[in-house]
file input.cif (mmCIF, C-alpha atoms)
data_my_file
#
loop_
_atom_site.label_atom_id
_atom_site.label_comp_id
_atom_site.auth_asym_id
_atom_site.auth_seq_id
_atom_site.Cartn_x
_atom_site.Cartn_y
_atom_site.Cartn_z
CA MET I 140 17.57 36.94 0.72
CA SER I 141 17.49 34.07 3.16
CA THR I 142 14.25 33.41 5.04
CA PRO I 143 14.58 33.89 8.80
CA THR I 144 13.93 30.74 10.82
CA LEU I 145 10.45 30.69 12.30
CA GLN I 146 9.55 28.89 15.47
CA GLN I 147 6.41 26.78 15.62
CA ASN I 148 4.71 25.35 18.67
CA PRO I 149 5.88 21.87 19.63
CA LEU I 150 3.10 19.32 19.07
CA ARG I 151 1.50 17.26 21.80
CA GLU I 152 0.83 13.61 21.23
CA PHE I 153 -2.20 13.06 23.44
CA THR I 154 -5.28 14.90 24.72
CA ARG I 155 -8.20 13.98 26.93
CA ILE I 156 -11.36 15.31 28.51
CA LEU I 157 -10.53 16.35 32.06
CA GLY I 158 -13.97 17.21 33.45
CA VAL I 159 -17.64 17.53 32.52
CA GLY I 160 -20.14 20.08 33.84
CA ALA I 161 -23.88 20.58 33.36
CA TYR I 162 -26.56 23.17 33.87
CA ARG I 163 -30.20 22.12 33.75
CA PRO I 164 -32.72 24.96 33.98
CA ASN I 165 -35.53 24.48 36.46
CA VAL I 166 -38.76 24.90 34.50
CA ILE I 167 -40.17 21.41 33.83
CA VAL I 168 -42.51 21.15 30.85
CA THR I 169 -44.57 17.93 30.76
CA ASN I 170 -46.29 16.30 27.80
CA ASP I 171 -49.61 17.41 29.27
CA ASP I 172 -48.32 20.99 29.19
CA VAL I 173 -47.39 20.54 25.53
CA CYS I 174 -50.85 19.14 24.76
CA GLN I 175 -52.38 22.49 25.70
CA TRP I 176 -50.77 23.81 22.53
CA ILE I 177 -50.89 20.90 20.08
CA ASP I 178 -53.57 18.28 19.55
CA SER I 179 -51.72 15.28 20.96
CA SER I 180 -51.45 13.10 24.06
CA ASP I 181 -48.85 12.06 26.60
CA GLU I 182 -48.98 8.51 25.17
CA TRP I 183 -48.52 9.68 21.56
CA ILE I 184 -45.51 11.85 22.46
CA ARG I 185 -43.87 9.11 24.53
CA GLN I 186 -44.37 6.53 21.80
CA ARG I 187 -43.08 8.77 18.97
CA THR I 188 -40.23 10.46 20.83
CA GLY I 189 -39.54 8.82 24.22
CA ILE I 190 -39.82 12.27 25.83
CA VAL I 191 -41.65 12.60 29.15
CA THR I 192 -40.46 16.07 30.28
CA ARG I 193 -38.15 18.84 29.09
CA HIS I 194 -36.20 21.39 31.14
CA ARG I 195 -36.64 24.96 29.97
CA ALA I 196 -35.14 28.21 31.19
CA PRO I 197 -37.19 31.12 32.49
CA ARG I 198 -37.10 34.34 30.46
CA GLU I 199 -34.43 35.96 32.65
CA VAL I 200 -31.90 33.09 32.32
CA SER I 201 -29.66 33.56 29.29
CA VAL I 202 -27.51 31.27 27.16
CA VAL I 203 -24.43 32.74 28.86
CA ASP I 204 -25.91 32.20 32.35
CA MET I 205 -26.44 28.51 31.58
CA ALA I 206 -23.02 28.20 29.92
CA ALA I 207 -21.35 29.72 32.99
CA GLY I 208 -23.04 27.22 35.29
CA ALA I 209 -21.84 24.25 33.24
CA ALA I 210 -18.36 25.76 32.68
CA LYS I 211 -17.70 26.34 36.38
CA GLU I 212 -18.54 22.72 37.21
CA ALA I 213 -16.39 21.39 34.34
CA LEU I 214 -13.43 23.52 35.50
CA ALA I 215 -13.86 22.40 39.13
CA LYS I 216 -14.08 18.72 38.09
CA ALA I 217 -11.01 19.13 35.87
CA GLY I 218 -9.08 20.90 38.64
CA ILE I 219 -8.24 23.73 36.25
CA ASP I 220 -8.49 27.44 36.99
CA ALA I 221 -10.25 29.59 34.39
CA SER I 222 -7.07 31.65 34.03
CA GLN I 223 -5.33 28.55 32.59
CA LEU I 224 -7.75 28.31 29.64
CA GLY I 225 -6.13 28.87 26.26
CA ALA I 226 -9.43 29.00 24.36
CA ILE I 227 -13.15 29.05 24.96
CA ILE I 228 -15.47 27.54 22.38
CA VAL I 229 -19.21 27.92 22.75
CA SER I 230 -21.39 25.87 20.42
CA THR I 231 -24.86 27.36 20.19
CA VAL I 232 -27.51 28.50 17.75
CA THR I 233 -29.58 30.37 20.33
CA HIS I 234 -27.32 33.15 21.61
CA PRO I 235 -29.58 36.04 20.62
CA TYR I 236 -26.85 38.33 19.24
CA ALA I 237 -25.23 37.80 15.86
CA THR I 238 -22.30 39.61 17.49
CA PRO I 239 -20.59 39.85 19.93
CA SER I 240 -20.24 36.18 20.75
CA ALA I 241 -21.54 34.30 23.76
CA ALA I 242 -18.01 32.97 24.25
CA SER I 243 -16.32 36.33 24.92
CA LEU I 244 -18.93 37.22 27.53
CA LEU I 245 -18.61 33.76 29.06
CA ALA I 246 -14.82 34.16 29.25
CA GLU I 247 -15.24 37.42 31.13
CA ARG I 248 -17.93 35.95 33.38
CA ILE I 249 -15.83 32.99 34.52
CA GLY I 250 -12.54 34.90 34.85
CA ALA I 251 -10.80 33.61 31.70
CA THR I 252 -10.17 37.00 30.01
CA PRO I 253 -8.07 37.47 27.82
CA ALA I 254 -8.41 33.90 26.51
CA PRO I 255 -9.45 33.65 22.84
CA ALA I 256 -13.18 32.98 22.70
CA PHE I 257 -15.55 32.22 19.84
CA ASP I 258 -18.91 30.64 19.02
CA VAL I 259 -19.53 27.70 16.72
CA SER I 260 -22.75 27.38 14.72
CA ALA I 261 -23.14 23.68 14.09
CA ALA I 262 -26.53 23.03 15.71
CA CYS I 263 -26.85 19.56 17.22
CA ALA I 264 -23.33 18.63 16.04
CA GLY I 265 -21.92 21.72 17.76
CA TYR I 266 -20.51 19.96 20.79
CA CYS I 267 -18.63 17.36 18.70
CA TYR I 268 -17.39 20.17 16.43
CA GLY I 269 -16.13 21.95 19.57
CA VAL I 270 -14.38 18.83 20.83
CA ALA I 271 -12.74 18.37 17.42
CA GLN I 272 -11.34 21.91 17.62
CA GLY I 273 -10.40 21.76 21.31
CA ASP I 274 -8.51 18.53 20.69
CA ALA I 275 -6.69 20.06 17.71
CA LEU I 276 -5.77 23.27 19.56
CA VAL I 277 -4.26 21.39 22.50
CA ARG I 278 -2.43 18.90 20.30
CA ALA I 279 -1.07 21.70 18.13
CA GLY I 280 0.26 23.47 21.20
CA THR I 281 -1.93 26.50 20.51
CA ALA I 282 -3.61 26.11 23.91
CA ASP I 283 -2.90 24.15 27.08
CA TYR I 284 -6.53 23.85 28.11
CA VAL I 285 -9.70 24.47 26.12
CA LEU I 286 -13.22 24.90 27.45
CA VAL I 287 -15.90 23.53 25.11
CA VAL I 288 -19.51 24.39 25.91
CA GLY I 289 -22.68 23.19 24.18
CA VAL I 290 -25.56 25.43 25.22
CA GLU I 291 -29.03 26.16 23.91
CA LYS I 292 -32.06 28.15 24.90
CA LEU I 293 -34.28 26.55 22.26
CA SER I 294 -37.41 27.72 24.06
CA ASP I 295 -36.63 31.13 22.52
CA VAL I 296 -36.98 29.75 18.98
CA ILE I 297 -40.02 27.51 19.19
CA ASP I 298 -43.63 27.96 18.20
CA ASN I 299 -45.70 26.10 20.79
CA HIS I 300 -48.41 25.31 18.24
CA GLU I 301 -46.01 23.80 15.70
CA ARG I 302 -45.87 20.00 15.39
CA THR I 303 -42.61 19.07 13.67
CA ILE I 304 -39.99 19.91 16.30
CA SER I 305 -41.03 22.47 18.94
CA PHE I 306 -42.50 19.93 21.37
CA LEU I 307 -39.24 17.98 21.40
CA LEU I 308 -37.02 20.83 22.52
CA GLY I 309 -35.49 21.79 25.85
CA ASP I 310 -32.84 24.16 27.21
CA GLY I 311 -29.57 23.52 29.00
CA ALA I 312 -25.79 23.60 28.91
CA GLY I 313 -22.99 21.04 29.09
CA ALA I 314 -19.28 21.75 29.19
CA VAL I 315 -15.96 19.93 29.11
CA VAL I 316 -12.35 20.94 29.67
CA ILE I 317 -9.87 19.41 27.22
CA GLY I 318 -6.19 19.24 28.10
CA PRO I 319 -3.02 17.21 27.62
CA GLY I 320 -3.18 13.47 28.38
CA GLU I 321 -0.72 10.69 29.06
CA ARG I 322 -2.40 8.40 26.53
CA ALA I 323 -4.85 8.83 23.69
CA GLY I 324 -8.08 10.17 25.21
CA ILE I 325 -9.83 11.65 22.19
CA GLY I 326 -10.08 9.57 19.02
CA PRO I 327 -10.00 11.08 15.53
CA SER I 328 -13.00 13.28 14.78
CA VAL I 329 -15.16 12.19 11.86
CA TRP I 330 -17.09 15.32 10.90
CA GLY I 331 -18.70 16.88 7.90
CA SER I 332 -21.64 18.68 6.34
CA ASP I 333 -24.26 18.25 3.62
CA GLY I 334 -25.60 21.61 2.47
CA SER I 335 -27.73 19.90 -0.21
CA ARG I 336 -30.12 19.27 2.68
CA TRP I 337 -29.91 22.81 4.09
CA ASP I 338 -33.73 22.98 4.20
CA ALA I 339 -34.31 19.79 6.21
CA ILE I 340 -34.05 21.52 9.61
CA GLY I 341 -33.84 25.23 10.29
CA MET I 342 -35.47 28.54 11.00
CA THR I 343 -38.69 29.59 9.28
CA HIS I 344 -37.04 32.73 7.87
CA SER I 345 -34.05 35.03 8.14
CA GLN I 346 -33.45 38.07 10.33
CA THR I 347 -33.49 40.34 7.29
CA ALA I 348 -36.96 39.02 6.43
CA ILE I 349 -38.15 40.41 9.78
CA ARG I 350 -36.78 43.84 8.91
CA ASP I 351 -38.33 43.87 5.45
CA PHE I 352 -41.70 42.65 6.67
CA SER I 353 -41.69 45.10 9.59
CA ILE I 354 -41.17 48.05 7.29
CA SER I 355 -44.02 46.98 5.02
CA ALA I 356 -46.31 46.29 8.02
CA MET I 357 -45.61 49.77 9.39
CA LYS I 358 -46.46 51.36 6.05
CA GLU I 359 -49.73 49.47 5.74
CA ASP I 360 -50.72 50.26 9.28
CA ASP I 361 -50.95 54.02 8.98
CA ASP I 362 -53.96 54.35 11.30
CA GLY I 363 -51.65 54.11 14.30
CA ASP I 364 -52.88 50.71 15.58
CA LEU I 365 -49.78 49.80 17.57
CA ALA I 366 -51.34 46.59 18.93
CA ALA I 367 -51.75 45.24 15.39
CA VAL I 368 -48.17 46.15 14.56
CA GLY I 369 -47.00 44.46 17.78
CA GLU I 370 -48.86 41.25 16.93
CA ALA I 371 -47.48 41.23 13.41
CA HIS I 372 -44.00 41.57 14.90
CA ALA I 373 -44.51 38.68 17.33
CA ASN I 374 -45.52 36.44 14.42
CA LEU I 375 -42.35 37.41 12.61
CA TRP I 376 -40.12 35.85 15.20
CA PRO I 377 -38.25 33.01 13.41
CA THR I 378 -38.80 29.53 14.87
CA LEU I 379 -37.48 26.07 14.11
CA ARG I 380 -39.01 23.57 11.67
CA GLN I 381 -37.91 20.19 10.39
CA ASP I 382 -38.84 17.60 7.82
CA GLY I 383 -39.07 14.80 10.37
CA GLN I 384 -39.08 11.80 8.01
CA THR I 385 -36.09 13.00 6.00
CA VAL I 386 -34.18 13.81 9.17
CA PHE I 387 -35.02 10.47 10.78
CA ARG I 388 -33.76 8.54 7.77
CA TRP I 389 -30.55 10.57 7.58
CA ALA I 390 -30.00 10.51 11.36
CA VAL I 391 -30.20 6.73 11.55
CA TRP I 392 -28.82 5.22 8.37
CA GLU I 393 -26.31 7.89 7.35
CA MET I 394 -25.17 8.58 10.91
CA ALA I 395 -24.71 4.86 11.65
CA LYS I 396 -22.03 4.94 8.92
CA VAL I 397 -20.38 8.01 10.47
CA ALA I 398 -20.40 6.44 13.94
CA LYS I 399 -18.83 3.30 12.50
CA GLN I 400 -16.12 5.42 10.85
CA ALA I 401 -15.39 7.08 14.20
CA LEU I 402 -15.01 3.65 15.81
CA ASP I 403 -12.76 2.43 13.00
CA ALA I 404 -10.65 5.60 13.08
CA ALA I 405 -10.13 5.10 16.82
CA GLY I 406 -9.27 1.43 16.31
CA ILE I 407 -12.12 0.41 18.62
CA THR I 408 -14.97 -2.07 18.24
CA ALA I 409 -18.46 -1.55 19.68
CA ASP I 410 -17.92 -4.21 22.34
CA GLN I 411 -14.94 -2.25 23.72
CA LEU I 412 -17.12 0.77 24.51
CA SER I 413 -18.46 1.54 27.97
CA ALA I 414 -21.00 4.11 26.75
CA PHE I 415 -22.79 5.25 23.61
CA VAL I 416 -23.90 8.88 23.71
CA PRO I 417 -25.66 9.90 20.52
CA HIS I 418 -27.27 13.34 20.19
CA GLN I 419 -30.53 13.14 22.14
CA ALA I 420 -32.83 13.94 19.22
CA ASN I 421 -35.52 11.31 19.60
CA MET I 422 -35.53 8.00 21.51
CA ARG I 423 -36.47 6.13 18.33
CA ILE I 424 -33.36 7.49 16.59
CA ILE I 425 -31.23 6.46 19.59
CA ASP I 426 -32.71 2.93 19.61
CA GLU I 427 -32.42 2.44 15.86
CA LEU I 428 -28.84 3.80 15.77
CA ALA I 429 -27.86 1.40 18.57
CA LYS I 430 -29.45 -1.44 16.58
CA GLN I 431 -27.67 -0.51 13.34
CA LEU I 432 -24.33 -0.26 15.17
CA LYS I 433 -24.95 -3.55 17.02
CA ILE I 434 -24.17 -1.90 20.35
CA PRO I 435 -23.97 -4.81 22.83
CA ASP I 436 -26.00 -4.89 26.07
CA SER I 437 -22.81 -4.31 28.07
CA VAL I 438 -22.62 -0.72 26.72
CA LEU I 439 -24.63 1.95 28.56
CA ILE I 440 -26.74 3.97 26.12
CA ALA I 441 -27.53 7.58 27.05
CA ARG I 442 -31.28 8.19 27.24
CA ASP I 443 -31.29 11.61 28.88
CA ILE I 444 -33.86 12.75 26.32
CA GLU I 445 -36.62 11.17 28.42
CA ASP I 446 -36.33 13.96 31.03
CA ALA I 447 -34.36 16.65 29.21
CA GLY I 448 -35.91 16.71 25.72
CA ASN I 449 -33.74 17.55 22.73
CA THR I 450 -31.28 20.28 23.78
CA SER I 451 -29.29 20.42 20.50
CA ALA I 452 -25.62 21.31 21.16
CA ALA I 453 -26.04 20.67 24.90
CA SER I 454 -27.46 17.17 24.64
CA ILE I 455 -24.26 15.08 24.44
CA PRO I 456 -22.37 16.75 27.34
CA LEU I 457 -25.59 16.81 29.42
CA ALA I 458 -26.19 13.10 28.76
CA THR I 459 -22.52 12.28 29.44
CA HIS I 460 -22.62 14.22 32.72
CA ARG I 461 -25.68 12.26 33.81
CA LEU I 462 -24.19 8.87 32.85
CA LEU I 463 -21.08 9.67 34.91
CA ARG I 464 -23.14 10.87 37.87
CA GLU I 465 -25.32 7.76 37.87
CA ASN I 466 -22.48 5.36 37.02
CA PRO I 467 -19.19 6.64 38.51
CA GLY I 468 -17.53 3.37 37.43
CA LEU I 469 -17.70 4.59 33.81
CA SER I 470 -14.72 6.87 34.48
CA GLY I 471 -11.81 5.68 32.34
CA GLY I 472 -14.17 3.86 29.95
CA LEU I 473 -14.63 4.74 26.30
CA SER I 474 -17.65 6.59 24.98
CA LEU I 475 -18.75 6.91 21.36
CA GLN I 476 -20.38 10.33 20.89
CA ILE I 477 -22.09 11.51 17.73
CA GLY I 478 -23.89 14.77 17.03
CA PHE I 479 -25.98 15.52 13.92
CA GLY I 480 -28.38 18.25 12.93
CA ALA I 481 -29.25 21.38 11.00
CA GLY I 482 -26.87 22.17 8.16
CA LEU I 483 -26.95 19.30 7.76
CA VAL I 484 -23.83 18.72 9.85
CA PHE I 485 -22.39 15.83 11.80
CA GLY I 486 -19.46 15.02 14.06
CA ALA I 487 -18.37 11.94 15.99
CA GLN I 488 -15.46 10.75 18.07
CA VAL I 489 -14.59 8.09 20.65
CA VAL I 490 -13.45 9.66 23.93
CA GLU I 491 -12.17 8.39 27.26
CA LEU I 492 -14.57 9.42 30.00
CA PRO I 493 -12.95 11.51 32.76
CA MET Z 165 -36.30 -9.75 -9.92
CA ALA Z 166 -39.08 -10.46 -7.44
CA SER Z 167 -42.72 -11.02 -8.51
CA ASN Z 168 -45.45 -8.89 -6.92
CA GLU Z 169 -46.37 -11.84 -4.67
CA GLU Z 170 -42.76 -12.08 -3.51
CA ILE Z 171 -42.58 -8.32 -2.90
CA LEU Z 172 -45.79 -8.47 -0.83
CA ALA Z 173 -44.46 -11.39 1.22
CA GLY Z 174 -41.14 -9.58 1.74
CA LEU Z 175 -42.88 -6.35 2.80
CA ALA Z 176 -45.10 -8.31 5.21
CA GLU Z 177 -41.96 -9.75 6.79
CA ILE Z 178 -40.42 -6.25 7.17
CA VAL Z 179 -43.65 -4.82 8.63
CA ASN Z 180 -43.84 -7.75 11.03
CA GLU Z 181 -40.31 -7.15 12.23
CA GLU Z 182 -40.90 -3.42 12.77
CA THR Z 183 -44.38 -3.51 14.29
CA GLY Z 184 -45.13 -7.10 15.36
CA LEU Z 185 -48.18 -7.16 13.04
CA ALA Z 186 -49.03 -10.63 11.67
CA PRO Z 187 -47.70 -10.93 8.10
CA GLU Z 188 -51.13 -12.03 6.81
CA ALA Z 189 -52.57 -8.68 7.97
CA VAL Z 190 -50.39 -6.94 5.40
CA GLU Z 191 -52.67 -6.97 2.33
CA LEU Z 192 -52.52 -4.95 -0.88
CA ASP Z 193 -55.51 -2.72 -0.13
CA LYS Z 194 -54.44 -1.89 3.45
CA SER Z 195 -53.42 1.68 4.28
CA PHE Z 196 -50.16 1.88 6.21
CA THR Z 197 -51.44 4.61 8.52
CA ASP Z 198 -55.20 4.03 8.76
CA ASP Z 199 -55.37 0.20 8.71
CA LEU Z 200 -51.97 -0.93 9.95
CA ASP Z 201 -51.44 1.99 12.38
CA ILE Z 202 -47.87 2.54 11.17
CA ASP Z 203 -46.47 5.95 12.13
CA SER Z 204 -44.14 8.10 10.02
CA ILE Z 205 -41.01 6.96 11.85
CA SER Z 206 -41.82 3.26 11.51
CA MET Z 207 -42.66 3.91 7.85
CA MET Z 208 -39.13 5.21 7.26
CA THR Z 209 -37.63 2.12 8.91
CA ILE Z 210 -39.81 -0.08 6.65
CA VAL Z 211 -38.78 1.94 3.58
CA VAL Z 212 -35.06 1.62 4.30
CA ASN Z 213 -35.37 -2.12 4.98
CA ALA Z 214 -37.37 -2.53 1.76
CA GLU Z 215 -34.68 -0.67 -0.21
CA GLU Z 216 -32.09 -3.10 1.11
CA LYS Z 217 -34.21 -6.22 0.59
CA PHE Z 218 -35.29 -5.42 -2.97
CA GLY Z 219 -32.25 -3.46 -4.13
CA VAL Z 220 -34.23 -0.33 -5.05
CA ARG Z 221 -34.09 3.35 -4.11
CA ILE Z 222 -37.22 4.92 -2.60
CA PRO Z 223 -36.65 8.70 -2.42
CA ASP Z 224 -37.97 10.65 0.62
CA GLU Z 225 -40.44 12.58 -1.56
CA GLU Z 226 -41.87 9.30 -2.89
CA VAL Z 227 -42.61 7.92 0.58
CA LYS Z 228 -45.66 10.12 1.12
CA ASN Z 229 -47.23 8.69 -2.06
CA LEU Z 230 -47.03 5.16 -0.69
CA LYS Z 231 -50.37 5.19 1.08
CA THR Z 232 -51.30 1.53 0.75
CA VAL Z 233 -49.33 -1.69 0.75
CA GLY Z 234 -50.30 -2.02 -2.94
CA ASP Z 235 -48.72 1.40 -3.68
CA ALA Z 236 -45.46 0.17 -2.15
CA VAL Z 237 -45.55 -3.15 -4.06
CA ASN Z 238 -46.18 -1.31 -7.33
CA PHE Z 239 -43.42 1.22 -6.70
CA ILE Z 240 -40.87 -1.45 -5.82
CA SER Z 241 -41.91 -3.58 -8.76
CA GLY Z 242 -41.53 -0.59 -11.12
CA ALA Z 243 -38.21 0.44 -9.59
CA GLN Z 244 -36.82 -3.05 -10.12
CA ALA Z 245 -37.77 -3.10 -13.79
#
call {"tool": "encode", "arguments": {"input": "input.cif", "output": "structure tokens"}}
result
Amino acid sequence: MSTPTLQQNPLREFTRILGVGAYRPNVIVTNDDVCQWIDSSDEWIRQRTGIVTRHRAPREVSVVDMAAGAAKEALAKAGIDASQLGAIIVSTVTHPYATPSAASLLAERIGATPAPAFDVSAACAGYCYGVAQGDALVRAGTADYVLVVGVEKLSDVIDNHERTISFLLGDGAGAVVIGPGERAGIGPSVWGSDGSRWDAIGMTHSQTAIRDFSISAMKEDDDGDLAAVGEAHANLWPTLRQDGQTVFRWAVWEMAKVAKQALDAAGITADQLSAFVPHQANMRIIDELAKQLKIPDSVLIARDIEDAGNTSAASIPLATHRLLRENPGLSGGLSLQIGFGAGLVFGAQVVELP
Amino acid sequence: MASNEEILAGLAEIVNEETGLAPEAVELDKSFTDDLDIDSISMMTIVVNAEEKFGVRIPDEEVKNLKTVGDAVNFISGAQA
């Protein structure tokens, strides 16, 4: 029997980022606020992290609310209607439902239904993972336009009294629209993972551990003290932790190699960049990465962390949005972006700024 | 292979570059955190630069055992052997 002839989508040669949007929630948390919870000082936090304030969302503002704010601006800047989107990718680790996804609700919220929509769990590399997929979908002809959102409500997964990571974290959303380009606008993605260091950053425990502990707490508490049960439950809420020294070493010296690979893959040298936008994890990581990569003074380095804190998947699009707002002349320039975080996972690419 | 004196001088140079501390302040009995006021992030930068300079591997879990400059000199010396 002869095989019938299949049709496949014609490939596109080039893609680019068409627009960037941002949503910054309005609760400002200062270092003095943080020092109510941990024994520290404004000076100590600035020196160790470069962070002065973080934006956090109030209880009633959800991951999808923030994502919608950033998505609408990205679509408007790109000049694309939501109905033209061929896929919606939401990178997040703080959408509080294992299922359904944040992306399908976002699609409905912005008027993109029935576009395919899915979440990506790649922590602080999530945005670069999303760009890698958006680029591939458009080039493969699977979608004409793809919305990529990095969004986090990390304030939901912190323990204010914890010293390894909680005080660094903020909330927010950044979004881009990826579509066809007339020249190469998104360089090859260099991305990967290292599960041998799965424990370096992550949650204190699993969701199933909450269930198991809750059942045993209920059994022990048979005198009907609901307040005690409630407190035990609150302490069961999983929060983030990291091994700061291990992460710092990996984030600088291993990620400098990845960033260099992304430059090489794009056929670009550091002096040809207009901007360097690393994940906003810690100012000392940003400074040391720039030093290792020999980023020249002519290149603008994103330092959004000072005001925004570390917003995980949202940090690169938020920082890019701010660079473009403060320096409109960057449009058309090249930006090296690199995300890295819990997994461990990493992703980097050189992109033309819209 | 570097002698202990050479390792100390090399470490002092690395510490100076990272923190601005005078190389002669970097003595064997000095504690990195208590005497030299080196924080955990700077310590990692010093460790990585020392690995490169002396051609040794200092694992993450070993770093917390390097409390004094002398501990670091001894570890590097042993790792070179």
call {"tool": "resolve_selection", "arguments": {"input": "input.cif", "expression": "the PyMOL selection byres ((chain I) within 8 of (chain Z))", "output": "list in words"}}
result
Arg187, Gln384, Thr385, Phe387, Arg388 and Arg423 of chain I
call {"tool": "axis_aligned_box", "arguments": {"input": "input.cif", "around": "stretch 198-207 of chain Z", "padding_each_side": "3 Å", "output": "JSON"}}
result
{"center_x": -48.2, "center_y": 3.6, "center_z": 10.1, "size_x": 20.4, "size_y": 15.0, "size_z": 10.5}
call {"tool": "atom_distance", "arguments": {"input": "input.cif", "atom1": "atom CA of I:Glu445", "atom2": "atom CA of I:Cys174"}}
result
16.7 Å
call {"tool": "resolve_selection", "arguments": {"input": "input.cif", "expression": "the PyMOL selection byres ((chain Z and resi 179-186) around 9)", "output": "list in words"}}
result
Gly174, Leu175, Ala176, Glu177, Ile178, Pro187, Glu188, Ala189, Val190, Leu200, Ile202, Ser206, Met207, Thr209 and Ile210 of chain Z
call {"tool": "resolve_selection", "arguments": {"input": "input.cif", "expression": "the PyMOL selection byres ((chain I and resi 163) around 7)", "output": "list in words"}}
result
Ala161, Tyr162, Pro164, Asn165, His194, Gly311 and Ala312 of chain I
call {"tool": "atom_distance", "arguments": {"input": "input.cif", "atom1": "atom CA of Z:Asp235", "atom2": "atom CA of Z:Glu215"}}
result
14.6 Å
call {"tool": "closest_residue", "arguments": {"input": "input.cif", "among": "Z:Glu169, Z:Glu226, Z:Glu191, Z:Val220", "to": "Z:Ile240", "atoms": "only C-alpha atoms"}}
result
Z:Val220
call {"tool": "closest_residue", "arguments": {"input": "input.cif", "among": "I:Val489, I:Ser335, I:Gly482, I:Gly324", "to": "I:Lys399", "atoms": "only C-alpha atoms"}}
result
I:Val489
call {"tool": "residues_near_point", "arguments": {"input": "input.cif", "point": "(-24.3, 23.1, 12.9)", "cutoff": "7 Å", "atoms": "all atoms listed in the file", "output": "PDB file with C-alpha atoms, keeping the file's coordinate frame"}}
result
ATOM      1  CA  SER I 260     -22.750  27.380  14.720  1.00  0.00           C
ATOM      2  CA  ALA I 261     -23.140  23.680  14.090  1.00  0.00           C
ATOM      3  CA  ALA I 262     -26.530  23.030  15.710  1.00  0.00           C
ATOM      4  CA  CYS I 263     -26.850  19.560  17.220  1.00  0.00           C
ATOM      5  CA  ALA I 264     -23.330  18.630  16.040  1.00  0.00           C
ATOM      6  CA  GLY I 265     -21.920  21.720  17.760  1.00  0.00           C
ATOM      7  CA  GLY I 480     -28.380  18.250  12.930  1.00  0.00           C
ATOM      8  CA  ALA I 481     -29.250  21.380  11.000  1.00  0.00           C
ATOM      9  CA  GLY I 482     -26.870  22.170   8.160  1.00  0.00           C
ATOM     10  CA  LEU I 483     -26.950  19.300   7.760  1.00  0.00           C
ATOM     11  CA  VAL I 484     -23.830  18.720   9.850  1.00  0.00           C
TER      12      VAL I 484
END
call {"tool": "residues_around", "arguments": {"input": "input.cif", "residues": "Z:Ile171", "least_positions_apart": "6", "cutoff": "10 Å", "atoms": "only C-alpha atoms", "output": "VMD selection string"}}
result
chain Z and resid 165 177 214 217 to 218 234 236 to 238 240 to 241
call {"tool": "write_last_selection", "arguments": {"input": "input.cif", "atoms": "C-alpha atoms", "output": "PDB file, in the coordinates of the input"}}
result
ATOM      1  CA  MET Z 165     -36.300  -9.750  -9.920  1.00  0.00           C
ATOM      2  CA  GLU Z 177     -41.960  -9.750   6.790  1.00  0.00           C
ATOM      3  CA  ALA Z 214     -37.370  -2.530   1.760  1.00  0.00           C
ATOM      4  CA  LYS Z 217     -34.210  -6.220   0.590  1.00  0.00           C
ATOM      5  CA  PHE Z 218     -35.290  -5.420  -2.970  1.00  0.00           C
ATOM      6  CA  GLY Z 234     -50.300  -2.020  -2.940  1.00  0.00           C
ATOM      7  CA  ALA Z 236     -45.460   0.170  -2.150  1.00  0.00           C
ATOM      8  CA  VAL Z 237     -45.550  -3.150  -4.060  1.00  0.00           C
ATOM      9  CA  ASN Z 238     -46.180  -1.310  -7.330  1.00  0.00           C
ATOM     10  CA  ILE Z 240     -40.870  -1.450  -5.820  1.00  0.00           C
ATOM     11  CA  SER Z 241     -41.910  -3.580  -8.760  1.00  0.00           C
TER      12      SER Z 241
END
call {"tool": "atom_distance", "arguments": {"input": "input.cif", "atom1": "atom CA of I:Ile297", "atom2": "atom CA of I:Pro235"}}
result
13.6 Å
call {"tool": "residues_near_point", "arguments": {"input": "input.cif", "point": "(-19.7, 22.0, 23.1)", "cutoff": "6 Å", "atoms": "only C-alpha atoms", "output": "list in words"}}
result
Val229, Ser230, Gly265, Tyr266, Gly269, Val287, Val288 and Gly289 of chain I
call {"tool": "decode", "arguments": {"input": "input.cif", "residues": "stretch 220-226 of chain Z", "atoms": "N, CA and C atoms", "output": "PDB file, in the first residue's frame"}}
result
ATOM      1  N   VAL Z 220      43.073  23.756  41.364  1.00  0.00           N
ATOM      2  CA  VAL Z 220      42.462  22.749  42.249  1.00  0.00           C
ATOM      3  C   VAL Z 220      40.942  22.875  42.180  1.00  0.00           C
ATOM      4  N   ARG Z 221      40.251  21.886  42.756  1.00  0.00           N
ATOM      5  CA  ARG Z 221      38.788  21.936  42.828  1.00  0.00           C
ATOM      6  C   ARG Z 221      38.402  22.051  44.301  1.00  0.00           C
ATOM      7  N   ILE Z 222      37.632  23.073  44.632  1.00  0.00           N
ATOM      8  CA  ILE Z 222      37.156  23.259  46.007  1.00  0.00           C
ATOM      9  C   ILE Z 222      35.640  23.090  45.982  1.00  0.00           C
ATOM     10  N   PRO Z 223      35.138  21.900  46.386  1.00  0.00           N
ATOM     11  CA  PRO Z 223      33.695  21.644  46.297  1.00  0.00           C
ATOM     12  C   PRO Z 223      32.899  22.587  47.210  1.00  0.00           C
ATOM     13  N   ASP Z 224      31.624  22.853  46.823  1.00  0.00           N
ATOM     14  CA  ASP Z 224      30.753  23.732  47.611  1.00  0.00           C
ATOM     15  C   ASP Z 224      30.725  23.321  49.081  1.00  0.00           C
ATOM     16  N   GLU Z 225      30.613  21.995  49.327  1.00  0.00           N
ATOM     17  CA  GLU Z 225      30.446  21.538  50.718  1.00  0.00           C
ATOM     18  C   GLU Z 225      31.737  21.717  51.524  1.00  0.00           C
ATOM     19  N   GLU Z 226      32.867  21.906  50.837  1.00  0.00           N
ATOM     20  CA  GLU Z 226      34.135  22.136  51.528  1.00  0.00           C
ATOM     21  C   GLU Z 226      34.283  23.593  51.964  1.00  0.00           C
TER      22      GLU Z 226
END
